[in-house]
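Below is start.txt, holding compact mmCIF, C-alpha atoms.
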```txt
# COMPACT_ATOMS: atom_id res chain seq x y z
CA MET H 13 86.98 18.18 -10.10
CA LYS H 14 89.80 18.59 -12.59
CA ILE H 15 93.21 18.92 -10.91
CA VAL H 16 96.48 20.08 -12.49
CA ASP H 17 99.78 20.18 -10.62
CA THR H 18 101.74 23.11 -12.06
CA HIS H 19 105.11 22.61 -10.35
CA VAL H 20 106.77 19.18 -10.33
CA HIS H 21 110.41 18.06 -10.27
CA LEU H 22 111.41 14.51 -11.10
CA PHE H 23 114.74 14.00 -9.35
CA MET H 24 117.33 11.88 -11.15
CA ALA H 25 120.83 10.71 -10.25
CA GLY H 26 123.35 13.30 -11.43
CA GLY H 27 120.64 15.77 -12.34
CA ILE H 28 121.67 18.61 -10.03
CA PRO H 29 125.06 19.80 -8.77
CA GLU H 30 126.35 17.92 -5.74
CA ALA H 31 126.59 21.13 -3.66
CA TYR H 32 122.90 21.81 -4.22
CA GLU H 33 121.88 18.26 -3.34
CA ILE H 34 123.89 18.47 -0.12
CA GLY H 35 122.21 21.80 0.61
CA MET H 36 118.80 20.18 0.20
CA ALA H 37 119.84 17.40 2.55
CA ARG H 38 121.00 19.91 5.17
CA THR H 39 117.68 21.70 4.98
CA MET H 40 115.58 18.53 5.02
CA ARG H 41 117.52 17.37 8.09
CA LEU H 42 116.63 20.62 9.85
CA VAL H 43 112.97 20.49 8.83
CA LEU H 44 112.52 16.85 9.83
CA LYS H 45 114.18 17.47 13.18
CA ASN H 46 112.12 20.58 13.96
CA LYS H 47 108.77 19.38 12.62
CA MET H 48 108.85 15.61 13.12
CA GLY H 49 111.50 14.97 15.75
CA LEU H 50 113.67 12.89 13.38
CA ASP H 51 117.39 13.34 13.96
CA LEU H 52 119.31 12.28 10.85
CA SER H 53 122.84 13.10 9.79
CA VAL H 54 123.28 15.15 6.62
CA GLU H 55 124.48 12.06 4.77
CA GLU H 56 121.49 10.07 6.02
CA ALA H 57 119.13 12.83 4.90
CA ARG H 58 120.83 12.89 1.53
CA SER H 59 120.81 9.13 0.92
CA GLN H 60 117.51 8.27 2.58
CA ILE H 61 115.41 11.35 1.83
CA VAL H 62 116.75 13.27 -1.17
CA GLN H 63 118.19 10.37 -3.16
CA GLY H 64 115.28 8.21 -2.06
CA MET H 65 113.06 10.58 -4.05
CA TYR H 66 114.78 9.89 -7.39
CA ASP H 67 112.09 9.32 -10.03
CA PRO H 68 113.76 9.72 -13.43
CA ASP H 69 110.94 8.17 -15.46
CA GLY H 70 108.13 9.80 -13.46
CA GLU H 71 106.55 6.47 -12.53
CA LYS H 72 106.42 7.22 -8.80
CA PHE H 73 104.68 10.52 -9.38
CA LEU H 74 102.29 9.06 -11.92
CA ARG H 75 101.14 6.66 -9.19
CA ASP H 76 100.75 9.60 -6.80
CA MET H 77 98.76 11.44 -9.47
CA ASP H 78 96.43 8.49 -9.94
CA ALA H 79 95.93 8.06 -6.20
CA ALA H 80 95.23 11.77 -5.69
CA GLY H 81 93.07 12.28 -8.79
CA ILE H 82 95.51 14.62 -10.54
CA GLU H 83 94.88 14.76 -14.27
CA ARG H 84 98.04 16.51 -15.49
CA ALA H 85 101.37 17.76 -14.13
CA VAL H 86 103.81 20.40 -15.34
CA ILE H 87 107.33 18.96 -15.02
CA PHE H 88 110.76 20.62 -15.18
CA GLY H 89 114.28 20.62 -13.78
CA SER H 90 116.55 23.33 -12.38
CA ASP H 91 119.72 24.82 -13.83
CA PHE H 92 122.44 25.74 -11.34
CA GLY H 93 125.35 24.61 -13.49
CA ALA H 94 126.76 28.06 -14.26
CA GLU H 95 126.97 28.85 -10.55
CA LEU H 96 127.85 25.48 -9.00
CA GLY H 97 129.32 23.54 -11.90
CA ASP H 98 127.45 21.29 -14.29
CA PRO H 99 126.22 17.97 -12.86
CA PRO H 100 126.82 14.71 -14.74
CA VAL H 101 123.49 15.12 -16.53
CA HIS H 102 123.90 18.44 -18.37
CA VAL H 103 120.82 20.65 -18.29
CA PHE H 104 120.43 20.41 -22.08
CA GLN H 105 120.27 16.62 -21.71
CA ALA H 106 117.91 16.90 -18.71
CA ASN H 107 115.56 19.11 -20.70
CA ARG H 108 115.42 16.50 -23.44
CA ILE H 109 114.61 13.84 -20.83
CA TYR H 110 111.69 15.94 -19.59
CA ALA H 111 110.53 16.59 -23.15
CA ASP H 112 110.64 12.87 -23.93
CA LEU H 113 108.61 12.09 -20.80
CA ALA H 114 105.93 14.53 -21.93
CA GLN H 115 105.89 12.91 -25.35
CA LYS H 116 105.66 9.47 -23.73
CA HIS H 117 102.76 10.61 -21.50
CA PRO H 118 101.09 13.37 -23.55
CA ASP H 119 97.87 13.23 -21.53
CA ARG H 120 99.63 13.45 -18.16
CA PHE H 121 102.78 15.60 -18.45
CA THR H 122 103.49 19.09 -19.76
CA ALA H 123 107.24 19.77 -19.89
CA LEU H 124 109.04 23.09 -19.39
CA CYS H 125 112.62 23.88 -20.32
CA SER H 126 114.92 24.85 -17.44
CA ILE H 127 117.68 27.26 -18.38
CA ASP H 128 120.21 29.75 -17.07
CA PRO H 129 120.05 32.50 -19.72
CA ARG H 130 123.78 33.18 -19.37
CA ARG H 131 124.73 29.81 -20.83
CA PRO H 132 126.40 29.84 -24.24
CA GLY H 133 123.77 28.78 -26.75
CA ALA H 134 120.90 29.26 -24.28
CA LEU H 135 118.49 30.96 -26.67
CA LYS H 136 119.17 28.46 -29.45
CA HIS H 137 118.51 25.63 -26.99
CA CYS H 138 115.26 27.33 -25.92
CA GLU H 139 114.12 27.56 -29.52
CA GLN H 140 114.86 23.88 -30.04
CA ALA H 141 113.01 22.95 -26.85
CA ILE H 142 109.83 24.75 -27.91
CA GLU H 143 109.86 24.35 -31.67
CA ASP H 144 111.34 20.86 -32.05
CA TRP H 145 110.67 19.07 -28.75
CA GLY H 146 107.23 20.52 -27.99
CA MET H 147 108.05 21.95 -24.55
CA LYS H 148 105.51 24.46 -23.26
CA GLY H 149 107.47 27.16 -21.38
CA PHE H 150 110.44 27.77 -19.15
CA LYS H 151 111.64 27.42 -15.57
CA LEU H 152 114.18 30.03 -14.45
CA HIS H 153 116.00 29.91 -11.13
CA PRO H 154 117.38 33.37 -10.29
CA ALA H 155 119.19 31.91 -7.27
CA ALA H 156 121.79 30.79 -9.80
CA GLY H 157 122.91 34.41 -9.89
CA PHE H 158 120.80 36.44 -12.31
CA LYS H 159 117.75 38.69 -11.96
CA ALA H 160 114.54 38.58 -13.94
CA THR H 161 115.33 42.14 -15.04
CA ASP H 162 118.71 41.27 -16.59
CA GLU H 163 118.74 42.31 -20.24
CA ILE H 164 120.12 38.96 -21.33
CA LEU H 165 116.60 37.63 -20.75
CA TYR H 166 114.83 40.14 -22.98
CA PRO H 167 115.08 38.10 -26.23
CA LEU H 168 113.63 35.07 -24.44
CA TYR H 169 110.74 37.14 -23.06
CA GLU H 170 109.95 38.35 -26.57
CA LYS H 171 110.05 34.80 -27.88
CA CYS H 172 107.74 33.61 -25.09
CA ALA H 173 105.16 36.22 -26.09
CA ASP H 174 105.35 34.99 -29.69
CA TRP H 175 105.11 31.34 -28.62
CA ASN H 176 102.40 32.12 -26.03
CA VAL H 177 104.23 30.15 -23.34
CA PRO H 178 104.90 31.20 -19.73
CA LEU H 179 108.01 31.46 -17.60
CA VAL H 180 108.06 30.07 -14.06
CA PHE H 181 110.46 31.89 -11.74
CA HIS H 182 111.58 30.51 -8.42
CA ALA H 183 111.10 33.17 -5.75
CA GLY H 184 111.66 33.11 -2.01
CA ALA H 185 113.83 31.01 0.25
CA GLN H 186 116.47 28.47 -0.73
CA PRO H 187 117.84 25.30 0.82
CA ALA H 188 121.21 25.52 2.54
CA ALA H 189 123.12 25.52 -0.76
CA PRO H 190 125.78 28.06 -1.83
CA VAL H 191 123.57 30.07 -4.16
CA HIS H 192 122.37 33.68 -4.36
CA LEU H 193 119.60 34.82 -2.04
CA ASP H 194 119.14 38.42 -3.18
CA THR H 195 118.37 37.88 -6.87
CA GLN H 196 115.04 36.08 -6.54
CA ARG H 197 112.78 38.64 -4.94
CA PRO H 198 109.31 39.08 -6.48
CA VAL H 199 109.98 42.75 -7.27
CA PHE H 200 112.39 41.78 -10.06
CA ILE H 201 109.88 39.42 -11.66
CA ALA H 202 107.14 42.03 -11.37
CA GLU H 203 109.36 44.65 -12.98
CA ALA H 204 110.16 42.30 -15.87
CA ALA H 205 106.43 41.63 -16.29
CA THR H 206 105.68 45.33 -16.60
CA ARG H 207 108.34 45.67 -19.31
CA PHE H 208 106.96 42.68 -21.23
CA PRO H 209 103.17 42.85 -20.74
CA ASP H 210 102.46 40.15 -23.34
CA THR H 211 104.63 37.57 -21.58
CA LYS H 212 103.08 35.41 -18.85
CA MET H 213 105.26 35.18 -15.73
CA ILE H 214 104.64 32.91 -12.74
CA ILE H 215 106.05 33.67 -9.29
CA ALA H 216 106.53 30.18 -7.90
CA HIS H 217 105.56 29.37 -4.32
CA VAL H 218 103.89 32.82 -4.02
CA ALA H 219 107.51 33.72 -3.16
CA MET H 220 107.33 31.64 0.03
CA ASP H 221 107.71 33.97 3.05
CA LEU H 222 107.99 36.97 0.71
CA TYR H 223 104.33 36.55 -0.23
CA VAL H 224 103.36 40.07 0.91
CA GLU H 225 105.77 41.56 -1.61
CA ALA H 226 104.57 39.14 -4.28
CA VAL H 227 100.90 40.00 -3.68
CA MET H 228 101.64 43.73 -3.67
CA TYR H 229 102.67 43.46 -7.31
CA GLY H 230 100.64 40.48 -8.45
CA LYS H 231 97.33 42.13 -7.73
CA LEU H 232 98.24 45.03 -10.04
CA ILE H 233 100.06 43.40 -12.97
CA PRO H 234 97.82 41.36 -15.29
CA ASN H 235 100.50 38.99 -16.63
CA VAL H 236 101.82 37.91 -13.20
CA TYR H 237 100.53 34.63 -11.74
CA PHE H 238 101.39 32.46 -8.73
CA ASP H 239 101.69 28.78 -7.97
CA LEU H 240 100.95 27.44 -4.50
CA SER H 241 103.68 24.82 -4.43
CA TYR H 242 105.80 24.36 -1.30
CA HIS H 243 102.99 25.53 0.99
CA GLN H 244 102.42 22.06 2.36
CA PHE H 245 105.02 23.30 4.82
CA SER H 246 102.76 26.25 5.66
CA PHE H 247 99.71 24.02 6.09
CA VAL H 248 101.60 21.82 8.55
CA SER H 249 103.49 24.60 10.35
CA TRP H 250 100.72 27.17 10.61
CA GLY H 251 97.85 24.76 11.01
CA PRO H 252 94.73 24.67 8.81
CA LYS H 253 93.08 27.75 10.35
CA LYS H 254 95.91 30.14 9.52
CA PHE H 255 96.54 28.49 6.16
CA TYR H 256 92.94 28.94 5.00
CA GLU H 257 92.92 32.53 6.21
CA TRP H 258 96.07 33.09 4.16
CA LEU H 259 94.52 31.45 1.09
CA ARG H 260 91.44 33.65 1.51
CA PHE H 261 93.76 36.67 1.68
CA LEU H 262 95.42 35.67 -1.60
CA ILE H 263 92.07 35.25 -3.35
CA ASP H 264 90.67 38.50 -1.98
CA GLU H 265 93.75 40.47 -2.98
CA CYS H 266 94.61 38.91 -6.35
CA GLY H 267 91.66 36.75 -7.40
CA ALA H 268 91.53 32.97 -7.80
CA SER H 269 92.36 33.48 -11.49
CA LYS H 270 95.91 34.36 -10.45
CA LEU H 271 96.48 31.19 -8.40
CA MET H 272 97.46 27.67 -9.46
CA TRP H 273 97.56 24.56 -7.30
CA ALA H 274 100.93 22.79 -7.21
CA THR H 275 103.11 20.51 -5.09
CA ASP H 276 106.82 21.20 -5.79
CA ASN H 277 107.17 17.42 -5.77
CA PRO H 278 109.04 15.67 -4.27
CA LEU H 279 110.45 17.49 -1.21
CA PRO H 280 107.27 19.01 0.34
CA CYS H 281 105.48 15.71 -0.23
CA ALA H 282 107.67 14.23 2.50
CA VAL H 283 105.87 16.52 4.94
CA LEU H 284 102.35 16.26 3.50
CA PRO H 285 101.61 13.52 0.94
CA THR H 286 100.16 14.54 -2.40
CA ASP H 287 96.69 13.10 -1.82
CA GLN H 288 96.39 14.96 1.48
CA TRP H 289 97.47 18.21 -0.18
CA VAL H 290 94.72 17.73 -2.76
CA ARG H 291 92.13 17.15 -0.04
CA ALA H 292 93.27 20.29 1.79
CA PHE H 293 91.63 22.15 -1.11
CA THR H 294 88.87 19.85 -2.29
CA GLU H 295 87.66 18.60 1.13
CA ARG H 296 88.29 21.63 3.30
CA GLU H 297 87.46 21.48 6.98
CA THR H 298 87.28 25.17 7.77
CA GLU H 299 84.85 27.96 8.54
CA VAL H 300 86.71 30.24 6.13
CA PRO H 301 84.39 30.55 3.12
CA PHE H 302 85.42 29.54 -0.40
CA THR H 303 83.20 29.11 -3.42
CA THR H 304 83.30 26.01 -5.59
CA GLU H 305 84.20 28.24 -8.53
CA GLU H 306 87.22 29.65 -6.68
CA ILE H 307 88.58 26.19 -5.86
CA GLU H 308 87.96 24.88 -9.38
CA THR H 309 89.80 27.89 -10.78
CA ILE H 310 92.79 27.29 -8.50
CA MET H 311 92.89 23.54 -9.13
CA ALA H 312 92.80 23.75 -12.92
CA GLY H 313 91.13 26.82 -14.39
CA THR H 314 94.06 29.23 -14.12
CA SER H 315 96.54 26.71 -15.44
CA ALA H 316 94.38 26.16 -18.54
CA GLU H 317 94.76 29.86 -19.34
CA VAL H 318 98.43 30.15 -18.44
CA PHE H 319 99.66 26.97 -20.12
CA SER H 320 96.98 26.91 -22.84
CA ALA H 321 96.22 23.33 -21.88
```

Let me see the file written as structure tokens.
Amino acid sequence: MKIVDTHVHLFMAGGIPEAYEIGMARTMRLVLKNKMGLDLSVEEARSQIVQGMYDPDGEKFLRDMDAAGIERAVIFGSDFGAELGDPPVHVFQANRIYADLAQKHPDRFTALCSIDPRRPGALKHCEQAIEDWGMKGFKLHPAAGFKATDEILYPLYEKCADWNVPLVFHAGAQPAAPVHLDTQRPVFIAEAATRFPDTKMIIAHVAMDLYVEAVMYGKLIPNVYFDLSYHQFSFVSWGPKKFYEWLRFLIDECGASKLMWATDNPLPCAVLPTDQWVRAFTERETEVPFTTEEIETIMAGTSAEVFSA
């Protein structure tokens, strides 16, 4: 079965603001203590867990891909610089690193450009990323302090329709970092999608615990899609029975053609390794019924349409 991972980060030293990395460490400390009984300090979680996941050249994840049978991955960074201060590796530089990795591994990686649309020169950088570097879409993180409905994004949406590339929006919860929590609700992404019906928009993580709101709109708006990244946490926390019932609910409400398998590498992979997350779909142990066609669509079929690859 063909498998495409549609949501992958490759952490690198200096690639995200320090405040955000500390926030991730605070959250990972809480999760590991609650779920696995590990009691680390914040600094230990940061140095051992978060920084231990650095993979600037993608070699660690390529090995995970090979072991799990993943054919291709969609890779991108995150831009919080306007809100938290630019990290040592400026997002424009980080985007070029991702683009170069996709050029180095053209059969394995598809690279998206991460951008805060409020940055000076943002649209020009986006044009360069697509037209000169061969990137295949965009990752937007509204937690940086903007909404998908902000008019500053409208020119980019129009360009994405012309380029036939999608935008991935983070939606849902955040780690314990000093960012905005009210700007990333699915309703804003859905509203933007209705205003730009020729632009493909992906609500990442099915909006995490806001999935009911996400589904309410996603089942009605043709150009809204979802990725299933992060939900390793759900599989472990809820247990397989509830997880498969939830997946059945998503398919029944929105259709498998709206769903894309993904990991959100590397953080959720600390809870459920990549190969096990693949098998949760391809080797299901459940009485909840799924067709082979539905699973094949989720694992690769939808992504072929959305990313034209």

Give me the residues of segment 78-182 of chain H that have any atom at most 8 Å from an atom of segment 211-235 of chain H; for each, the nearest atom pair and the distance in Å, rounded to one decimal. Use all atoms listed in the file, sort by chain and number, and format it as a tab-separated table.
```
residue	atom	partner	partner_atom	distance
H:Tyr169	CA	H:Thr211	CA	6.3
H:Glu170	CA	H:Thr211	CA	7.3
H:Cys172	CA	H:Thr211	CA	6.1
H:Ala173	CA	H:Thr211	CA	4.7
H:Asn176	CA	H:Thr211	CA	7.4
H:Val177	CA	H:Lys212	CA	7.0
H:Pro178	CA	H:Lys212	CA	4.7
H:Leu179	CA	H:Met213	CA	5.0
H:Val180	CA	H:Ile214	CA	4.6
H:Phe181	CA	H:Ile215	CA	5.3
H:His182	CA	H:Ala216	CA	5.1
```

Using all atoms listed in the file, the best pick from H:Thr122, H:Gln63, H:Ser241, H:Thr161 as closest to Glu203 of chain H would be H:Thr161

For Ala79 of chain H, work out the shell of residues within 12 Å, counting all atoms listed in the file and skipping chain neighbours fewer than 2 positions away, then give it as a ChimeraX atom specification.
/H:72-77,81-83,285-291

Centre and edge lengths of an axis-aligned box around all listed atoms of segment 136-151 of chain H, with 8 Å added on each side, are to be given in Å to one decimal, as lines of an AutoDock Vina configuration file.
```
center_x = 112.3
center_y = 23.8
center_z = -23.8
size_x = 29.7
size_y = 25.4
size_z = 32.5
```

Using all atoms listed in the file, the best pick from H:Arg41, H:His21, H:Arg131, H:Lys14 as closest to Ala94 of chain H would be H:Arg131

>> List the spatial neighbours of segment 186-191 of chain H as an MDAnalysis selection string - criterion: any atom at most 9 Å away, all atoms listed in the file, same-chain residues fewer than 5 positions off excluded.
In response: chainID H and resid 31:40 92 95:96 155:157

Between H:Cys138, H:Ile28, H:Leu165, H:Leu152, smallest distance to His102 of chain H by all atoms listed in the file belongs to H:Ile28

re atom CA of Phe208 of chain H and atom CA of Glu308 of chain H: distance 28.6 Å

Requested in this report: Please provide as an MDAnalysis selection string all residues within 12 Å of Glu143 of chain H, with the sequence filter that same-chain residues fewer than 6 positions apart are discarded (counting only C-alpha atoms).
Outcome: chainID H and resid 111 125 135:137 149 171:172 174:175 177

* Tell me, in Å to one decimal, how far atom CA of Val300 of chain H is from atom CA of Ile263 of chain H. =>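 Computed distance, atom CA of Val300 of chain H to atom CA of Ile263 of chain H, equals 12.0 Å.
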
- Message: Taking 4 positions as the minimum chain separation for residues in the same chain, which residues sit within 9 Å of segment 272-277 of chain H when counting all atoms listed in the file? Answer as an MDAnalysis selection string.
- Response: chainID H and resid 15:22 73 85:86 217 237:244 268 281:282 286 289:290 293 309:315

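Between atom CA of Gly64 of chain H and atom CA of Ala106 of chain H the interatomic distance comes to 19.0 Å.
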
task: Do a neighbour search on Phe121 of chain H at 8 Å with only C-alpha atoms, toss out local chain neighbours closer than 4 positions, and write the hits as an MDAnalysis selection string.
output: chainID H and resid 84:87 113:114 117
